[in-house]
Every structure is written in C-alpha cells, then in structure tokens.
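Have a look at work-v2.cif; it's mmCIF, C-alpha atoms:
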```
data_data
loop_
_atom_site.label_atom_id
_atom_site.label_comp_id
_atom_site.auth_asym_id
_atom_site.auth_seq_id
_atom_site.Cartn_x
_atom_site.Cartn_y
_atom_site.Cartn_z
CA MET A 812 78.88 -97.94 -39.52
CA LEU A 813 78.44 -97.23 -35.78
CA ARG A 814 75.99 -100.14 -35.46
CA ASP A 815 78.54 -102.53 -37.03
CA PHE A 816 81.20 -101.17 -34.73
CA LEU A 817 79.06 -101.73 -31.62
CA LYS A 818 78.22 -105.25 -32.76
CA LYS A 819 81.91 -106.17 -32.81
CA PHE A 820 82.01 -105.44 -29.08
CA ASP A 821 78.62 -106.99 -28.26
CA ILE A 822 77.27 -103.62 -27.17
CA ASP A 823 73.54 -103.07 -27.20
CA VAL A 824 72.76 -99.45 -26.30
CA ASP A 825 70.35 -96.82 -27.51
CA ILE A 826 72.18 -94.12 -29.39
CA PRO A 827 70.30 -90.80 -29.45
CA ARG A 828 69.59 -89.12 -32.75
CA LEU A 829 72.88 -87.57 -33.83
CA LYS A 830 73.69 -84.42 -35.77
CA GLN A 831 76.36 -84.79 -38.43
CA LEU A 832 78.81 -81.90 -38.83
CA GLY A 833 81.50 -82.70 -41.38
CA ASN A 834 82.66 -86.23 -40.61
CA SER A 835 81.76 -85.96 -36.90
CA PHE A 836 78.54 -86.84 -35.08
CA PHE A 837 77.13 -85.01 -32.07
CA ASP A 838 74.36 -85.36 -29.54
CA VAL A 839 72.95 -81.84 -29.65
CA SER A 840 69.98 -82.62 -27.37
CA VAL A 841 72.24 -81.63 -24.44
CA LEU A 842 72.59 -78.08 -25.77
CA TYR A 843 70.74 -75.15 -24.26
CA SER A 844 68.86 -73.09 -26.83
CA PRO A 845 70.62 -74.20 -30.01
CA LYS A 846 67.71 -73.04 -32.18
CA GLY A 847 68.81 -71.52 -35.44
CA LEU A 848 72.53 -71.96 -34.82
CA PHE A 849 72.84 -74.86 -37.23
CA ARG A 850 71.98 -72.58 -40.16
CA PHE A 851 75.45 -71.12 -39.69
CA PHE A 852 77.34 -74.40 -40.15
CA PRO A 853 79.10 -75.00 -36.84
CA VAL A 854 81.98 -77.46 -36.82
CA PHE A 855 81.35 -78.75 -33.29
CA ALA A 856 78.17 -78.74 -31.19
CA GLY A 857 77.12 -80.28 -27.91
CA LYS A 858 78.42 -83.69 -26.97
CA LYS A 859 80.75 -85.19 -29.49
CA ILE A 860 80.06 -88.89 -30.00
CA TYR A 861 82.39 -89.98 -32.75
CA SER A 862 84.13 -89.18 -36.01
CA LYS A 863 84.17 -91.38 -39.04
CA THR A 864 87.17 -91.75 -41.27
CA ASN A 865 88.10 -95.21 -42.46
CA ARG A 866 87.18 -96.34 -38.94
CA ILE A 867 85.27 -95.13 -35.91
CA ILE A 868 87.08 -92.55 -33.77
CA PRO A 869 85.01 -92.29 -30.58
CA SER A 870 85.14 -89.13 -28.47
CA ILE A 871 87.04 -89.56 -25.22
CA ASP A 872 83.87 -89.73 -23.12
CA PHE A 873 81.96 -91.94 -25.56
CA LEU A 874 84.90 -94.33 -25.54
CA GLN A 875 84.65 -94.59 -21.75
CA PHE A 876 80.89 -95.13 -22.03
CA LEU A 877 81.27 -97.89 -24.61
CA ALA A 878 83.96 -99.68 -22.63
CA SER A 879 81.71 -99.59 -19.55
CA LYS A 880 78.97 -101.33 -21.57
CA SER A 881 81.15 -104.06 -23.05
CA LYS A 882 82.53 -107.23 -21.53
CA LYS A 883 85.15 -107.45 -24.24
CA LYS A 884 88.05 -105.77 -22.49
CA ILE A 885 91.70 -106.32 -21.89
CA LYS A 886 93.65 -104.71 -19.05
CA LEU A 887 97.22 -103.57 -19.67
CA ASN A 888 100.01 -102.96 -17.18
CA LYS A 889 101.74 -99.56 -16.98
CA ASP A 890 104.49 -100.38 -19.51
CA ASP A 891 102.10 -101.80 -22.08
CA GLU A 892 99.71 -98.90 -21.45
CA TRP A 893 102.47 -96.50 -22.52
CA LEU A 894 103.21 -98.51 -25.66
CA PHE A 895 99.53 -98.63 -26.55
CA ILE A 896 98.85 -94.91 -26.19
CA CYS A 897 101.92 -94.30 -28.36
CA GLY A 898 100.13 -96.21 -31.12
CA ARG A 899 102.02 -99.47 -30.80
CA ASP A 900 100.77 -103.06 -30.86
CA VAL A 901 101.27 -105.03 -27.65
CA SER A 902 102.51 -108.60 -27.15
CA LEU A 903 100.31 -110.75 -24.93
CA LYS A 904 101.19 -113.75 -22.78
CA HIS A 905 98.14 -115.74 -23.84
CA SER A 906 96.71 -116.40 -27.24
CA SER A 907 93.17 -115.29 -28.08
CA SER A 908 91.15 -113.49 -30.75
CA GLY A 909 88.50 -110.79 -31.20
CA PHE A 910 87.87 -107.09 -30.79
CA VAL A 911 88.48 -105.59 -27.35
CA PHE A 912 88.46 -102.31 -25.52
CA VAL A 913 91.81 -101.67 -23.91
CA VAL A 914 91.81 -100.44 -20.31
CA ASN A 915 94.47 -99.51 -17.76
CA SER A 916 94.72 -100.44 -14.09
CA PHE A 917 92.21 -97.68 -13.22
CA GLY A 918 89.69 -99.17 -15.65
CA GLU A 919 90.04 -96.17 -17.97
CA CYS A 920 89.64 -96.98 -21.62
CA LEU A 921 92.72 -96.20 -23.72
CA GLY A 922 91.30 -97.25 -27.08
CA TYR A 923 90.36 -100.41 -28.87
CA GLY A 924 92.13 -103.16 -30.73
CA GLU A 925 91.93 -106.63 -32.12
CA ILE A 926 93.63 -109.62 -30.55
CA ARG A 927 95.23 -111.87 -33.11
CA GLY A 928 96.98 -114.80 -31.45
CA ASN A 929 99.26 -113.36 -28.83
CA LYS A 930 99.32 -109.87 -30.31
CA LEU A 931 97.03 -106.94 -29.52
CA LYS A 932 96.72 -104.93 -32.70
CA ASN A 933 96.16 -101.24 -31.96
CA LEU A 934 93.18 -99.98 -33.98
CA PHE A 935 92.64 -96.72 -32.13
CA ASP A 936 94.10 -95.18 -29.00
CA ILE A 937 93.68 -91.88 -27.12
CA GLY A 938 97.09 -90.62 -28.29
CA TRP A 939 95.97 -90.75 -31.93
CA HIS A 940 94.81 -87.11 -31.97
CA LEU A 941 98.18 -85.85 -30.77
CA ARG A 942 100.13 -87.92 -33.28
CA LYS A 943 97.82 -86.73 -36.06
CA LYS A 944 98.43 -83.12 -35.03
CA GLY A 945 102.19 -83.74 -34.99
CA LYS A 946 102.11 -85.09 -38.54
CA LYS A 947 100.17 -82.06 -39.78
CA ARG A 948 102.81 -79.67 -38.46
CA MET B 848 115.91 -45.67 -37.01
CA ALA B 849 114.62 -49.27 -37.05
CA LEU B 850 111.45 -49.56 -35.00
CA SER B 851 112.26 -53.13 -34.06
CA GLY B 852 114.90 -55.22 -32.32
CA ARG B 853 115.76 -55.77 -28.68
CA LYS B 854 117.32 -52.34 -28.18
CA PHE B 855 114.29 -50.57 -29.59
CA PHE B 856 111.90 -52.46 -27.34
CA GLU B 857 114.18 -52.10 -24.30
CA ALA B 858 114.02 -48.35 -24.73
CA ARG B 859 110.28 -48.36 -25.53
CA TYR B 860 109.27 -50.48 -22.55
CA GLY B 861 111.96 -49.02 -20.28
CA SER B 862 110.17 -45.69 -20.63
CA PHE B 863 107.35 -47.05 -18.44
CA GLY B 864 109.48 -49.10 -16.09
CA VAL B 865 109.53 -52.52 -17.72
CA GLU B 866 112.90 -54.26 -17.79
CA LEU B 867 113.23 -56.93 -20.46
CA VAL B 868 114.85 -59.49 -18.18
CA ASP B 869 115.03 -63.04 -19.52
CA VAL B 870 112.50 -65.01 -17.51
CA LYS B 871 111.83 -68.74 -17.72
CA PRO B 872 108.31 -69.24 -16.36
CA LYS B 873 107.46 -72.48 -14.62
CA GLN B 874 105.19 -74.79 -16.57
CA CYS B 875 101.66 -74.63 -15.23
CA ILE B 876 98.66 -76.94 -15.37
CA ARG B 877 94.97 -76.42 -14.68
CA LEU B 878 92.92 -79.28 -13.26
CA ASN B 879 89.68 -79.97 -15.09
CA SER B 880 86.82 -80.18 -12.61
CA LEU B 881 84.49 -81.50 -15.33
CA LYS B 882 86.27 -84.84 -14.84
CA ASP B 883 85.76 -86.27 -11.39
CA VAL B 884 89.21 -87.75 -10.80
CA ASP B 885 91.83 -87.21 -8.10
CA VAL B 886 94.46 -86.28 -10.64
CA LEU B 887 96.77 -84.64 -8.11
CA SER B 888 97.35 -87.97 -6.36
CA ARG B 889 97.81 -89.67 -9.70
CA LEU B 890 100.45 -87.17 -10.82
CA ARG B 891 102.25 -87.30 -7.46
CA THR B 892 102.38 -91.09 -7.68
CA LEU B 893 104.03 -90.68 -11.07
CA GLY B 894 106.71 -88.51 -9.44
CA VAL B 895 105.43 -85.12 -10.59
CA ARG B 896 106.08 -82.35 -8.05
CA LEU B 897 103.46 -79.62 -8.07
CA GLU B 898 102.96 -76.36 -6.25
CA SER B 899 99.64 -74.58 -5.98
CA VAL B 900 99.55 -71.17 -7.72
CA SER B 901 98.51 -68.69 -5.02
CA PHE B 902 96.27 -66.59 -7.28
CA LEU B 903 94.50 -69.47 -9.01
CA ASP B 904 91.83 -71.90 -7.84
CA ASN B 905 92.84 -74.91 -9.89
CA GLY B 906 96.31 -73.99 -11.14
CA PHE B 907 99.56 -75.72 -10.22
CA TYR B 908 103.14 -75.01 -11.14
CA VAL B 909 105.09 -78.06 -12.26
CA LEU B 910 108.29 -78.09 -10.23
CA GLU B 911 109.58 -81.42 -11.45
CA SER B 912 108.50 -84.06 -13.92
CA GLY B 913 110.56 -86.78 -15.54
CA PHE B 914 108.40 -86.85 -18.66
CA SER B 915 106.26 -84.66 -20.89
CA LEU B 916 102.99 -83.83 -19.17
CA GLY B 917 101.36 -83.35 -22.57
CA ALA B 918 101.40 -87.00 -23.60
CA ILE B 919 100.43 -89.20 -20.64
CA THR B 920 97.11 -90.96 -20.11
CA GLU B 921 95.90 -88.43 -17.51
CA PHE B 922 96.38 -85.59 -20.01
CA LEU B 923 94.89 -87.49 -22.94
CA LEU B 924 91.77 -88.26 -20.88
CA GLY B 925 91.34 -84.54 -20.19
CA TYR B 926 92.02 -84.52 -16.46
CA TYR B 927 94.11 -81.36 -16.81
CA CYS B 928 95.23 -78.73 -19.31
CA ILE B 929 98.66 -77.23 -19.76
CA GLN B 930 98.06 -73.50 -19.50
CA SER B 931 100.29 -70.69 -18.25
CA ALA B 932 99.37 -69.12 -14.92
CA PRO B 933 98.29 -65.67 -16.20
CA ALA B 934 96.41 -67.26 -19.11
CA GLN B 935 94.12 -68.85 -16.53
CA LEU B 936 93.07 -65.45 -15.19
CA PRO B 937 90.84 -63.91 -17.91
CA VAL B 938 88.20 -66.62 -17.43
CA LYS B 939 88.40 -66.23 -13.66
CA VAL B 940 87.89 -62.47 -14.10
CA LEU B 941 84.95 -63.05 -16.47
CA SER B 942 83.46 -65.50 -13.95
CA PRO B 943 80.71 -67.07 -16.08
CA SER B 944 77.78 -68.78 -14.35
CA PRO B 945 76.10 -72.08 -15.29
CA GLY B 946 73.10 -70.50 -17.04
CA ASP B 947 74.98 -67.85 -19.00
CA VAL B 948 75.20 -67.43 -22.75
CA VAL B 949 78.90 -66.82 -23.33
CA LEU B 950 80.98 -65.93 -26.39
CA ASP B 951 84.64 -66.84 -26.75
CA MET B 952 85.71 -64.66 -29.68
CA CYS B 953 89.17 -66.07 -30.50
CA ALA B 954 88.89 -69.52 -29.04
CA ALA B 955 91.75 -71.74 -30.31
CA PRO B 956 93.57 -73.65 -28.98
CA GLY B 957 90.80 -73.97 -26.41
CA GLY B 958 92.50 -73.66 -23.01
CA LYS B 959 90.25 -70.79 -22.03
CA SER B 960 87.18 -72.29 -23.76
CA THR B 961 87.45 -75.46 -21.68
CA GLN B 962 87.94 -73.33 -18.58
CA LEU B 963 84.79 -71.34 -19.45
CA ALA B 964 82.81 -74.58 -19.80
CA GLU B 965 84.20 -75.72 -16.47
CA LEU B 966 83.01 -72.59 -14.63
CA MET B 967 79.68 -72.87 -16.45
CA GLU B 968 79.47 -76.46 -15.16
CA ASN B 969 78.83 -77.56 -18.75
CA LYS B 970 75.49 -75.71 -18.71
CA GLY B 971 74.20 -72.64 -20.53
CA LEU B 972 75.64 -71.99 -23.98
CA LEU B 973 79.25 -71.39 -24.93
CA VAL B 974 79.72 -70.07 -28.46
CA CYS B 975 83.28 -70.27 -29.75
CA PHE B 976 84.72 -68.64 -32.85
CA GLU B 977 88.06 -69.29 -34.47
CA LEU B 978 89.19 -67.58 -37.64
CA LYS B 979 92.21 -69.71 -38.52
CA PRO B 980 91.28 -73.14 -39.93
CA HIS B 981 94.58 -74.76 -38.90
CA ARG B 982 93.92 -73.84 -35.26
CA LEU B 983 90.39 -75.27 -35.21
CA SER B 984 91.57 -78.87 -34.83
CA SER B 985 93.30 -78.03 -31.53
CA LEU B 986 90.16 -76.31 -30.29
CA VAL B 987 87.77 -79.16 -31.07
CA TYR B 988 90.27 -81.71 -29.77
CA ASN B 989 90.52 -79.92 -26.43
CA LEU B 990 86.74 -79.55 -26.13
CA ASP B 991 86.36 -83.28 -26.75
CA ARG B 992 89.25 -84.27 -24.48
CA CYS B 993 87.98 -82.14 -21.58
CA GLY B 994 84.39 -83.37 -21.87
CA VAL B 995 82.80 -80.05 -22.87
CA VAL B 996 79.17 -80.51 -23.96
CA ASN B 997 77.73 -76.97 -23.83
CA SER B 998 79.61 -75.44 -26.74
CA VAL B 999 78.96 -74.65 -30.40
CA VAL B 1000 82.04 -73.86 -32.48
CA PHE B 1001 82.12 -71.77 -35.65
CA ARG B 1002 84.95 -71.23 -38.07
CA GLY B 1003 85.11 -67.59 -38.99
CA ASP B 1004 85.66 -64.04 -37.88
CA SER B 1005 83.88 -63.37 -34.60
CA VAL B 1006 83.02 -59.79 -35.61
CA TYR B 1007 80.16 -61.48 -37.47
CA ALA B 1008 78.88 -63.33 -34.39
CA GLY B 1009 75.94 -60.90 -34.39
CA LYS B 1010 74.45 -62.86 -37.31
CA LEU B 1011 73.65 -65.67 -34.89
CA GLY B 1012 70.96 -63.46 -33.39
CA LEU B 1013 72.16 -63.97 -29.83
CA LYS B 1014 72.98 -61.44 -27.13
CA PHE B 1015 75.62 -62.58 -24.68
CA ASP B 1016 75.80 -62.33 -20.90
CA LYS B 1017 79.58 -62.61 -20.95
CA ILE B 1018 82.21 -62.28 -23.66
CA LEU B 1019 85.83 -63.31 -23.54
CA LEU B 1020 88.06 -61.49 -26.01
CA ASP B 1021 91.51 -62.95 -25.60
CA ALA B 1022 92.67 -61.02 -28.59
CA PRO B 1023 95.26 -61.97 -31.18
CA CYS B 1024 98.29 -59.85 -30.28
CA SER B 1025 101.98 -59.38 -30.92
CA GLY B 1026 102.81 -61.74 -28.06
CA ASN B 1027 105.79 -61.25 -25.80
CA TYR B 1028 109.46 -62.09 -25.59
CA VAL B 1029 109.03 -64.57 -22.72
CA SER B 1030 106.76 -67.01 -24.54
CA ASP B 1031 108.53 -66.62 -27.89
CA SER B 1032 112.33 -66.79 -27.97
CA HIS B 1033 112.41 -65.22 -31.47
CA TRP B 1034 110.06 -62.42 -30.53
CA PHE B 1035 112.57 -59.57 -31.04
CA GLU B 1036 113.42 -60.78 -34.56
CA LYS B 1037 109.77 -61.10 -35.58
CA ARG B 1038 108.14 -57.99 -34.17
CA ASP B 1039 108.23 -54.32 -35.03
CA LEU B 1040 106.15 -51.27 -34.24
CA ASP B 1041 104.16 -51.49 -37.47
CA GLY B 1042 103.04 -55.01 -36.57
CA ILE B 1043 102.01 -53.86 -33.13
CA LYS B 1044 99.99 -50.99 -34.62
CA LYS B 1045 98.30 -53.46 -36.96
CA SER B 1046 97.43 -55.74 -34.02
CA SER B 1047 96.02 -52.77 -32.18
CA ARG B 1048 93.69 -51.94 -35.10
CA ILE B 1049 92.46 -55.55 -35.27
CA GLN B 1050 91.86 -55.54 -31.52
CA LYS B 1051 89.79 -52.34 -31.68
CA ARG B 1052 87.63 -53.90 -34.38
CA LEU B 1053 87.03 -56.92 -32.14
CA ILE B 1054 86.29 -54.81 -29.05
CA ARG B 1055 83.77 -52.75 -31.01
CA ALA B 1056 82.05 -55.93 -32.22
CA ALA B 1057 82.02 -57.40 -28.71
CA SER B 1058 80.31 -54.29 -27.34
CA GLN B 1059 77.53 -54.77 -29.91
CA PHE B 1060 76.87 -58.41 -28.96
CA LEU B 1061 76.78 -57.87 -25.20
CA LYS B 1062 73.51 -57.69 -23.31
CA LYS B 1063 72.97 -54.53 -21.29
CA ASP B 1064 74.98 -54.99 -18.07
CA GLY B 1065 76.84 -57.84 -19.72
CA VAL B 1066 80.55 -58.30 -19.03
CA LEU B 1067 83.43 -58.26 -21.50
CA VAL B 1068 86.92 -59.36 -20.50
CA TYR B 1069 89.64 -58.18 -22.86
CA SER B 1070 93.09 -59.72 -22.56
CA THR B 1071 96.34 -59.93 -24.46
CA CYS B 1072 99.73 -61.45 -23.78
CA SER B 1073 101.42 -58.30 -25.07
CA LEU B 1074 103.42 -55.80 -23.03
CA ASP B 1075 102.73 -53.01 -25.45
CA PRO B 1076 100.44 -50.17 -24.30
CA LEU B 1077 99.17 -49.74 -27.89
CA GLU B 1078 97.53 -53.17 -27.60
CA ASN B 1079 96.43 -52.62 -24.01
CA GLU B 1080 95.83 -49.26 -22.30
CA PHE B 1081 95.46 -47.32 -25.58
CA ASN B 1082 92.73 -49.74 -26.69
CA VAL B 1083 90.98 -49.61 -23.33
CA GLN B 1084 90.96 -45.80 -23.39
CA TRP B 1085 89.64 -45.87 -26.97
CA ALA B 1086 86.85 -48.22 -25.85
CA LEU B 1087 85.93 -45.95 -22.92
CA ASP B 1088 85.81 -42.94 -25.27
CA ASN B 1089 83.89 -44.55 -28.11
CA LEU B 1090 81.79 -47.48 -26.90
CA PRO B 1091 79.05 -48.02 -24.29
CA LEU B 1092 81.50 -49.70 -21.94
CA LYS B 1093 82.77 -48.87 -18.48
CA LEU B 1094 85.67 -50.44 -16.63
CA GLU B 1095 85.34 -52.60 -13.54
CA ASP B 1096 87.86 -53.89 -11.08
CA THR B 1097 89.28 -57.27 -12.09
CA GLY B 1098 89.22 -58.47 -8.50
CA LEU B 1099 92.83 -59.61 -8.87
CA ASP B 1100 95.47 -58.78 -6.29
CA VAL B 1101 98.31 -59.92 -8.50
CA GLY B 1102 100.04 -57.94 -11.24
CA ASP B 1103 100.43 -54.17 -11.63
CA PRO B 1104 97.64 -51.66 -12.28
CA GLY B 1105 97.19 -50.46 -15.85
CA LEU B 1106 99.28 -47.46 -16.90
CA THR B 1107 97.63 -44.06 -16.76
CA GLU B 1108 100.42 -42.18 -18.49
CA VAL B 1109 102.68 -43.48 -21.24
CA PHE B 1110 104.39 -42.12 -24.38
CA ASN B 1111 103.25 -38.58 -23.41
CA GLU B 1112 99.59 -39.66 -23.37
CA LYS B 1113 97.42 -39.38 -20.26
CA PHE B 1114 94.61 -41.85 -19.73
CA SER B 1115 91.62 -42.03 -17.44
CA SER B 1116 92.50 -42.97 -13.86
CA GLU B 1117 89.93 -45.79 -14.33
CA ILE B 1118 92.57 -47.69 -16.27
CA LYS B 1119 94.27 -48.49 -12.98
CA LYS B 1120 91.53 -51.12 -12.66
CA CYS B 1121 93.21 -53.17 -15.40
CA ARG B 1122 96.03 -55.55 -14.48
CA ARG B 1123 99.29 -56.04 -16.32
CA PHE B 1124 101.70 -58.88 -15.74
CA ILE B 1125 105.30 -57.81 -16.14
CA PRO B 1126 107.61 -60.81 -16.53
CA HIS B 1127 110.46 -59.56 -14.35
CA LYS B 1128 108.02 -58.91 -11.49
CA THR B 1129 105.66 -61.89 -11.71
CA GLY B 1130 108.06 -64.51 -13.13
CA THR B 1131 105.41 -65.31 -15.76
CA GLU B 1132 104.81 -64.43 -19.38
CA ALA B 1133 103.45 -60.93 -20.01
CA PHE B 1134 99.71 -60.44 -19.74
CA PHE B 1135 97.08 -57.70 -19.67
CA ILE B 1136 93.48 -57.97 -18.47
CA ALA B 1137 90.61 -55.49 -18.52
CA ARG B 1138 87.04 -56.10 -17.37
CA PHE B 1139 84.30 -54.00 -18.97
CA ARG B 1140 80.59 -53.79 -18.30
CA ARG B 1141 78.16 -52.65 -20.97
CA CYS B 1142 76.28 -49.51 -19.98
#
```
Show me the file's structure as structure tokens.
Amino acid sequence: MLRDFLKKFDIDVDIPRLKQLGNSFFDVSVLYSPKGLFRFFPVFAGKKIYSKTNRIIPSIDFLQFLASKSKKKIKLNKDDEWLFICGRDVSLKHSSSGFVFVVNSFGECLGYGEIRGNKLKNLFDIGWHLRKKGKKR
Amino acid sequence: MALSGRKFFEARYGSFGVELVDVKPKQCIRLNSLKDVDVLSRLRTLGVRLESVSFLDNGFYVLESGFSLGAITEFLLGYYCIQSAPAQLPVKVLSPSPGDVVLDMCAAPGGKSTQLAELMENKGLLVCFELKPHRLSSLVYNLDRCGVVNSVVFRGDSVYAGKLGLKFDKILLDAPCSGNYVSDSHWFEKRDLDGIKKSSRIQKRLIRAASQFLKKDGVLVYSTCSLDPLENEFNVQWALDNLPLKLEDTGLDVGDPGLTEVFNEKFSSEIKKCRRFIPHKTGTEAFFIARFRRC
C-alpha cells in the first residue's frame, strides 16, 4: 500500500524495514536497546512512519520527508492554507490534475490531495488528527 | 458533616495558609527544540504576544492571541506544546540526559513525555505507560507531532513496568490526582475527602513501584496538581519512612517549600525541599513537586 502511495507522487526512496504495531508502522532501528520490549506489545515505538486505514496517514515528519522528495507539490496562500488544514477542499485558479503534496509559503507540507480540474481535493491534512479526536469526544 | 464542597475545602486548606482565591492562569506554551524552527518570530508575525516565563527555559505566557493556538499550522507541525507553566517543571527537575533510560509512568496526554524526549535530545530510551485507553491516542499523537523517536509506549498499569526487565536512570511519576479548583471549574462539586484518600492510596502504590524500578542512585520526580497534603507531603513522608528513597532539593526558586506540619502531623524537615505552587501566590494552577534519589 505504501509503495502504491509513493508511486502516485513519483517518489523513489528506500524505506527501512518497518515494525507494525496495530495499524501503524515504525522505524525501530533508531531505538536504543529495544531488545525484548516488543514481547510486551507496545503501541508506539521509535520513529512513526505512517498509519494505514482506508488510506495512508503519514506521520508529521515522514510527510515532510516525502514532500521534500517529490516534485508534485502545490503551494497555498495563507487563506487557503487555513481552509486546507481545516479539512476543506480548495478552489484553484488554473485547471490541472494529479496527486500533489500541499505546502505553505514556508515550504512546510500540510498534507496531500488530488487536483481535479480547478479543485484541490483534500485527501489528508495535518489537522485530521485533531478533528478525529474531536469527533471521538 | 459533608467532607466536600467549597466551604469544607476552604477550611481544610485555610488551616495551612492556602486561600482559595479564584485565579485565571495565563495560557502557556513550551517551544519544542526538537524542531529547528524560529517559532517565536512566526507567532509574533501572526500577532501573538508572548512573555517569557522567568522560571522556565522554553516556556512563554500567551498575553494575547486572536485565535486558538491549538489549531494553527505551527502547532500541528509540533513546533510548540500548550502546557501550563508549573506542569513544565517536573521534567526540568528530573533533568534527564541524552543517554538515560527514562520511565514516564502516567504519560498521557504527552506534554511531559515530549519534554522528556526534548531534554534527552531524542536519544537514550523513553518508556511511557498509560493506563487509560482513551488517553493513549493523545499521547501517541503528541509524540508523533513533536517528532519524538526515542520512545516506546505501552498501554497498561505502570506498576508492572518491572516486567520489561529494565532498570531506569530517571523516573517521572506525574501521578493521577484529585486535581485542583483552578484547572477545573467544577472541582468543588466533584471532589470529596474520600476521593482524595483514594488518590493518595493509588499514588503510594505507584511510588512504591517506581522505587523498585530505579537504578541505585537513580532519580524519581513525583508531582501532582493537587493542593491536598494527603496526596503530597503525607505521601512523601510515607516514602521516606518505607522505601529506599531520600529527598533532594528541586533546584527551583519558585513556589513554597513543602509543609512540615499539617493536620496535627509533623513531618521530616527534609520535606521543605519539595515545592508547592499555591494559586493565589503564583497565579498558576496548583502543583507539587518532590525529587527523590534511590539509596
């Protein structure tokens, strides 16, 4: 699933061997002395890479890494940035198509989406976790 | 006589000089040094007015902000945490080093866990426990958001952390407690003396466990956000009497010393080394911090 995801953004990177805990995947090679700890079923360990639900939910840092490796990016202004991190689609001035990482004026990745005509469809954004938490309450 | 309600607690806490004055603490943020970004400039550009907290290294009071600081890009990317000023102190008092093996016994929602990782420079090993499943999601979200890579998180009761077969250099026990009236506007309706006694028993159980997992000469920081001596000085005295722990100075020059006499009980003069935050004096929520070393 991750390979297919990367292909959509023309990203060719080596992904280290990942440890699956629940529906999340971690790079545990960064951990100091983790020996034996996995027998006790941790829920989080080392560097989180992504979670898998019906789509890929990259960790915040992995998202930045992926965006830095892809040329498929779209930059949003401050107003559209706010709409996007609130989970909204964004209207574009020019028509296009394809999957893109969405960045702000600082080059920070806010999520990813798909351009369909002159609309940027929000597929995942960094505010998703907060909204999910809000719904659970 | 009901052992609850505002009047009861006014009399109880008044007996050792605490006035239950309504205090509205300023919101406080902690910058995350694991992310190399000049977030202060970014926030100032957005019109946020900040003031450095004198007793913190990376803490700032929010004097003015036209929007919620918990929803903007800078927050979502983990450049800072929203964390009350005294809540930033236990980790400072514990002072973990990059190579340490550290246990955070009651870790959710993760403000202190991310701060531990920050002081450890994302090195060593940070083991986090959280008993309540519904609080785990906040913990793992904050670890991810803040770029923590040296942690392993377990769901469960941290009194069983010994099963992992590790001995810890440092342990943070920010214990579940009855809370305080400043951070919970319904506190007086929810709390009574029985609940506080129950909290105190749970806390003793956790302190005992912590003392078993510490390396010799290892450090345990015990903290609560309760004003009640049963959850603070009484527990510290119990630990000194029953466990291989001795008290150390917290190194803080803010807050009051721990009480050495309360409710007709006299404690060791060592307890002055603890610090308590009394809302009407510090303008913050209540807090209590003790630093132990294992003998």
Contacts of Val914 of chain A at 9 Å (all atoms listed in the file; same-chain gap of 3+ positions) as a ChimeraX atom specification: /A:878,884-887,892,917-923
Sphere at (75.3, -63.6, -17.3), radius 9 Å, counting only C-alpha atoms: residues as a ChimeraX atom specification: /B:943-949,1015-1017,1062,1064-1066
Would you save the residues of that selection, restricted to C-alpha atoms, as a CSV table (one decimal), in the coordinates of the input?
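What ended up in again.csv:
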```csv
chain,number,residue,atom,x,y,z
B,943,PRO,CA,80.7,-67.1,-16.1
B,944,SER,CA,77.8,-68.8,-14.4
B,945,PRO,CA,76.1,-72.1,-15.3
B,946,GLY,CA,73.1,-70.5,-17.0
B,947,ASP,CA,75.0,-67.8,-19.0
B,948,VAL,CA,75.2,-67.4,-22.8
B,949,VAL,CA,78.9,-66.8,-23.3
B,1015,PHE,CA,75.6,-62.6,-24.7
B,1016,ASP,CA,75.8,-62.3,-20.9
B,1017,LYS,CA,79.6,-62.6,-21.0
B,1062,LYS,CA,73.5,-57.7,-23.3
B,1064,ASP,CA,75.0,-55.0,-18.1
B,1065,GLY,CA,76.8,-57.8,-19.7
B,1066,VAL,CA,80.6,-58.3,-19.0
```
Atom CA of Asp951 of chain B to atom CA of Tyr926 of chain B, straight-line distance in Å: 21.7 Å
Matched chain/residue IDs from the PyMOL selection byres ((chain B and resi 1013) around 12), as a PyMOL selection string: (chain A and resi 844-848) or (chain B and resi 947-950+972-974+1007-1012+1014-1018+1057+1059-1062)
Target residues per the PyMOL selection byres ((chain B and resi 868-872) around 7), formatted as a PyMOL selection string: chain B and resi 866-867+873-874+1029+1126-1127+1130-1132
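Once the PyMOL selection byres ((chain A) within 8 of (chain B)) is applied to the depicted file, the selected set reads Val841, Leu842, Tyr843, Ser844, Gly847, Leu848, Phe851, Phe852, Pro853, Val854, Phe855, Ala856, Gly857, Lys858, Lys859, Ser870, Ile871, Asp872, Trp893, Ile896, Leu921, Ile937, Gly938, His940 and Leu941 of chain A.
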Separation of atom CA of Thr864 of chain A from atom CA of Lys943 of chain A in Å: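 Separation between atom CA of Lys943 of chain A and atom CA of Thr864 of chain A: 12.9 Å.
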Point-to-point distance in Å for atom CA of Asp1075 of chain B and atom CA of Gly1026 of chain B: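 So the two atoms, atom CA of Gly1026 of chain B and atom CA of Asp1075 of chain B, lie 9.1 Å apart.
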